[in-house]
Amino acid sequence: MIAPPLSGPVATIKKYAKYAINRYRKLHIFGKLFIWSVVIFYICMGVFVVVMKPARIAQFLYDKARILASTRFGWLALGGAFVLVSFPPLIGHTTLITLCGFAYGMKGFYIGAAGSVVGSALAFVVLRLLFSKRLHAWSSQNQKWQALESVVTAKGLPLVVLIRISPFPPWVYSNSLFASIEAVKLWQFVVATFCVFPKILLHTFIGSKIAALSDGDQRGHMDTRTKILNGLLVGGGILIAIFASWTVYNLVQGHIRHLEGFPPEVDEAAAEAIEEYDEDAPLLSPTTTRE
């Protein structure tokens, strides 16, 4: 008797751990050196935090954030950063949103929301214009991608929204994913991006609460109950973000795999095209074809 497949967070963790190991093994020696350089960097950062003490580092970051917020065009600098991290292979969209909340409080939501829409729209247009010929050559020989395009063409905006709010592929690769699907129009992509606003609001809130705990002066005026409450709000917000991301991803994958009007193999191929997008990446990979 064949054991039923694992489901839930444990299965998801095992799946992506195996995926990460396989990707690492395929890397060139310079790629592996880069990975280990990043690991060593974070180890050094951890040691630095322990030596310098978290409170001092948090206060330093808070002071710099206040300088950014008081700068006349600080919001514009953050907006430019959102544009940059919307283009692969750069990352850091969620970190920037949290920074908006850290520096500007809940008002940072407007900067994060506007920067996300403008940055992703620019990435969509630029990638599509620059790589349209490459996309034609690649998609004509990839069955999974053809399945995904046929599904998105048939289901339209609702499916685009579902894929957009899913945490995988990540923000920057999601931008290139939709730029790669010719059936997706710019206005559909922008509307779908608006649906990411609740996530932006949540991470802005987390950033604002971290800022309140980072400033020694504000902490000094808090009683123990308020400090605990703010800590719980930060931790709860992070847990909500993780749980919501995992739930949405599984719902989206389940929905795509059981779409009406398509053979099961087409649904499965479309779902796999999304899961394996960073491997395939028709606008980013060094080869234009892939079997």
# chains A, B, ... in the order shown; residues from 1 in each chain; ligands from 1
>>> residues_around(residues="range 58-64 of chain A", least_positions_apart="4", cutoff="8 Å", atoms="only C-alpha atoms", output="count of residues only")
8
>>> residues_around(residues="Ala154 in chain A", least_positions_apart="5", cutoff="12 Å", atoms="only C-alpha atoms", output="list in words")
Ala147, Leu148, Glu149, Leu159, Val160, Ala183, Val184, Leu259, Glu260, Gly261 and Phe262 of chain A
>>> atom_distance(atom1="CA of Leu201 in chain A", atom2="CA of Gly92 in chain A")
16.2 Å
>>> closest_residue(among="A:Ile165, A:Leu127, A:Ile210, A:Ala241", to="Met106 in chain A", atoms="only C-alpha atoms")
A:Ile210
>>> atom_distance(atom1="CA of Tyr110 in chain A", atom2="CA of Ile67 in chain A")
18.8 Å
>>> residues_around(residues="Tyr249 in chain A", least_positions_apart="3", cutoff="8 Å", atoms="only C-alpha atoms", output="MDAnalysis selection string")
chainID A and resid 166:168 245:246 252:253
